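Student: Dropping the structure in here first, questions after.
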Amino acid sequence: MLKHRIIKNLEDNRQGSLSASAAYPRTRMRRLRSQGWIRDMVAEHSLSAADLIWPVFVTEGKNQRESIKSMPGVERRSIDLTIEALRQAHDTGILATALFPVVPEENKTMDGREAVNPDNLMCRAIAEIKNALPEMGIITDVALDPYTTHGHDGLVQDGKILNDETVEILCQQALVQAESGADVIAPSDMMDGRIGRIRDALEEANHTDTLILSYAAKYASSFYGPFRDAVGSGDFLKGDKKTYQMNPAGTDEALREVALDIQEGADMVMVKPGLPYLDVIHRVKETFKIPTFAYHVSGEYAMLKAAASSGALNYEQALAETMMAFKRAGADAILTYAATDIAKLLQEKAA
Ligand code: PBG
């Protein structure tokens, strides 16, 4: 028995486990928490503005801005005002943006063909932003939902979402975006096999340095509601997206999705939504050691804002804690509508 205990302790020590600590009072965990400087010095994780990606909603027109009811503080902006906002964001240290177009109703069709128009709102936005702010990373959404009259991410036939036919269009969509100057193609559609086909299409067109951020583990979530308001697809959406987005009841499936996307050529993978899926972020990062991004989605942002406005919690503090949760889980970068708020907080802290 004693021998067993000693061997066990040796094993534990070799693994650097808790038995390497002296017992209380030689060890008092609170010593390392007793003052701000020591807490900061031994902090296991940190957050910087370079970890943040700011998603923005772009509309047609000039000098246009509209607020979004369910997302206080978030606006749809025309390209010119988007450039101004991005310039300010860049000044606070934000290095990348994710663009989402608000497509006018008259440009929506059953087949979403506006998605592959090289002169569509998205492509004009990419080109103009790249021209004005060449140092800003531009991430672009590949999926058909802003462009379809049914609000689905793919083609629909007899109530079914067609996979392979959709992938063909997504390749063309990725190409027009890459031609316009997108740095990162981000397919958010969850069709099977699209990463490999898009990678091949980019290679063939000589866009060898265009990155792919795959929305690899994207769940069929109720937390996307405010986003659908923002891009104006919510009122159009018929049914749900459960035949292509993932079932919230599991995580093994997420690992299979990520493994496939890596094999197909994804440079980075995303888990979405964020906070309700920290276990998925953790498993993906532990398993694949690949750049893993978290999407703090519209509904999560809306919840935080609503709780803050009712006085239930402090927005800045809860936000900072949320971002740290993502870092702890293993996220390398975070897409969040609060990116500019966080960057400002980080600046204030550093000043
Ligand atoms: C659609 C898309 C969605 C989001 C990003 N791209 C919504 C959906 O799948 O219906 C959601 C983002 C958010 O909620 O912030 N391709």
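Numbering starts fresh at 1 for the residues of each chain in the structure tokens, the chains themselves are lettered A, B, ... in the order given, and ligands are numbered from 1 as they appear.
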Apply DSSP to the structure's backbone, then extract all residues of range 133-330 of chain A labelled helix (DSSP H, G or I) and return them as a PyMOL selection string.
Tutor: chain A and resi 145-147+164-180+194-204+222-231+252-264+275-288+298-309+315-329
Student: How would you write, as a ChimeraX atom specification, the set of residues no farther than 9 Å from ligand 1 when counting only C-alpha atoms and all ligand atoms?
Tutor: /A:55,100,141-146,151-153,187-190,215,218-228,233-234,237,240-241,245,272-273,295-301,335-337
Student: Can you tell me which residues surround Gly73 in chain A at a distance of at most 10 Å, considering only C-alpha atoms, apart from same-chain residues fewer than 2 positions away, and format the answer as a ChimeraX atom specification?
Tutor: /A:67-71,75,302,305,337-338,341
Student: Go ahead and write the selection's residues with N, CA, C and O atoms as a PDB file, in the first residue's frame.
Tutor:
```pdb
ATOM      1  N   SER A  67     -28.945  51.998 -37.548  1.00  0.00           N
ATOM      2  CA  SER A  67     -28.702  51.151 -36.375  1.00  0.00           C
ATOM      3  C   SER A  67     -29.504  49.853 -36.511  1.00  0.00           C
ATOM      4  O   SER A  67     -30.417  49.750 -37.322  1.00  0.00           O
ATOM      5  N   ILE A  68     -29.124  48.867 -35.724  1.00  0.00           N
ATOM      6  CA  ILE A  68     -29.772  47.552 -35.758  1.00  0.00           C
ATOM      7  C   ILE A  68     -30.384  47.336 -34.381  1.00  0.00           C
ATOM      8  O   ILE A  68     -29.670  47.336 -33.375  1.00  0.00           O
ATOM      9  N   LYS A  69     -31.709  47.202 -34.362  1.00  0.00           N
ATOM     10  CA  LYS A  69     -32.416  47.249 -33.092  1.00  0.00           C
ATOM     11  C   LYS A  69     -31.909  46.230 -32.060  1.00  0.00           C
ATOM     12  O   LYS A  69     -31.686  46.555 -30.896  1.00  0.00           O
ATOM     13  N   SER A  70     -31.707  45.007 -32.522  1.00  0.00           N
ATOM     14  CA  SER A  70     -31.323  43.952 -31.572  1.00  0.00           C
ATOM     15  C   SER A  70     -29.843  43.983 -31.205  1.00  0.00           C
ATOM     16  O   SER A  70     -29.399  43.232 -30.340  1.00  0.00           O
ATOM     17  N   MET A  71     -29.073  44.852 -31.885  1.00  0.00           N
ATOM     18  CA  MET A  71     -27.639  44.923 -31.611  1.00  0.00           C
ATOM     19  C   MET A  71     -27.212  46.377 -31.342  1.00  0.00           C
ATOM     20  O   MET A  71     -26.601  47.017 -32.204  1.00  0.00           O
ATOM     21  N   GLU A  75     -23.874  49.080 -36.408  1.00  0.00           N
ATOM     22  CA  GLU A  75     -24.549  49.777 -37.499  1.00  0.00           C
ATOM     23  C   GLU A  75     -24.309  49.099 -38.830  1.00  0.00           C
ATOM     24  O   GLU A  75     -23.286  48.448 -39.022  1.00  0.00           O
ATOM     25  N   ALA A 302     -25.850  40.497 -28.266  1.00  0.00           N
ATOM     26  CA  ALA A 302     -27.138  41.089 -27.886  1.00  0.00           C
ATOM     27  C   ALA A 302     -27.477  40.788 -26.424  1.00  0.00           C
ATOM     28  O   ALA A 302     -27.980  41.657 -25.706  1.00  0.00           O
ATOM     29  N   LYS A 305     -25.400  43.077 -24.188  1.00  0.00           N
ATOM     30  CA  LYS A 305     -25.906  44.454 -24.233  1.00  0.00           C
ATOM     31  C   LYS A 305     -27.223  44.578 -23.468  1.00  0.00           C
ATOM     32  O   LYS A 305     -27.437  45.555 -22.740  1.00  0.00           O
ATOM     33  N   TYR A 337     -18.453  41.633 -32.386  1.00  0.00           N
ATOM     34  CA  TYR A 337     -19.006  42.958 -32.693  1.00  0.00           C
ATOM     35  C   TYR A 337     -18.514  43.985 -31.688  1.00  0.00           C
ATOM     36  O   TYR A 337     -18.638  45.183 -31.913  1.00  0.00           O
ATOM     37  N   ALA A 338     -17.965  43.502 -30.564  1.00  0.00           N
ATOM     38  CA  ALA A 338     -17.458  44.394 -29.520  1.00  0.00           C
ATOM     39  C   ALA A 338     -15.970  44.684 -29.690  1.00  0.00           C
ATOM     40  O   ALA A 338     -15.353  45.255 -28.796  1.00  0.00           O
ATOM     41  N   ASP A 341     -14.816  48.146 -28.876  1.00  0.00           N
ATOM     42  CA  ASP A 341     -14.962  48.434 -27.436  1.00  0.00           C
ATOM     43  C   ASP A 341     -13.791  47.826 -26.651  1.00  0.00           C
ATOM     44  O   ASP A 341     -13.239  48.449 -25.753  1.00  0.00           O
TER      45      ASP A 341
END
```
Student: Contacts of Ala339 in chain A at 7 Å or less, counting only C-alpha atoms, minus same-chain residues fewer than 5 places along, as a CSV table (one decimal) with all heavy atoms, in the first residue's frame?
Tutor:
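The resulting file, out_9.csv, is reproduced below:
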```
chain,number,residue,atom,x,y,z
A,52,LEU,N,-8.3,40.3,-32.3
A,52,LEU,CA,-9.7,40.6,-32.5
A,52,LEU,C,-9.9,40.8,-34.0
A,52,LEU,O,-9.2,41.4,-34.7
A,52,LEU,CB,-10.1,41.8,-31.8
A,52,LEU,CG,-9.9,41.8,-30.3
A,52,LEU,CD1,-10.1,43.1,-29.6
A,52,LEU,CD2,-10.7,40.7,-29.6
A,53,ILE,N,-11.1,40.3,-34.5
A,53,ILE,CA,-11.6,40.5,-35.8
A,53,ILE,C,-12.9,41.2,-35.7
A,53,ILE,O,-13.8,40.7,-34.9
A,53,ILE,CB,-11.7,39.2,-36.6
A,53,ILE,CG1,-10.3,38.5,-36.8
A,53,ILE,CG2,-12.4,39.4,-37.9
A,53,ILE,CD1,-10.4,37.1,-37.0
A,54,TRP,N,-13.1,42.3,-36.4
A,54,TRP,CA,-14.3,43.1,-36.3
A,54,TRP,C,-15.2,42.8,-37.4
A,54,TRP,O,-14.9,43.2,-38.6
A,54,TRP,CB,-14.0,44.6,-36.2
A,54,TRP,CG,-15.1,45.5,-35.8
A,54,TRP,CD1,-16.2,45.1,-35.0
A,54,TRP,CD2,-15.3,46.8,-36.2
A,54,TRP,NE1,-17.0,46.2,-34.9
A,54,TRP,CE2,-16.5,47.3,-35.6
A,54,TRP,CE3,-14.6,47.7,-37.0
A,54,TRP,CZ2,-17.0,48.5,-35.8
A,54,TRP,CZ3,-15.1,49.0,-37.2
A,54,TRP,CH2,-16.3,49.4,-36.6
```
Student: Which neighbours of Lys289 in chain A fall inside 12 Å, counting only C-alpha atoms, when residues of the same chain fewer than 3 positions from it are skipped, and could you give them as a VMD selection string?
Tutor: chain A and resid 258 to 259 262 267 to 269 281 to 286 292 to 293 330 to 332
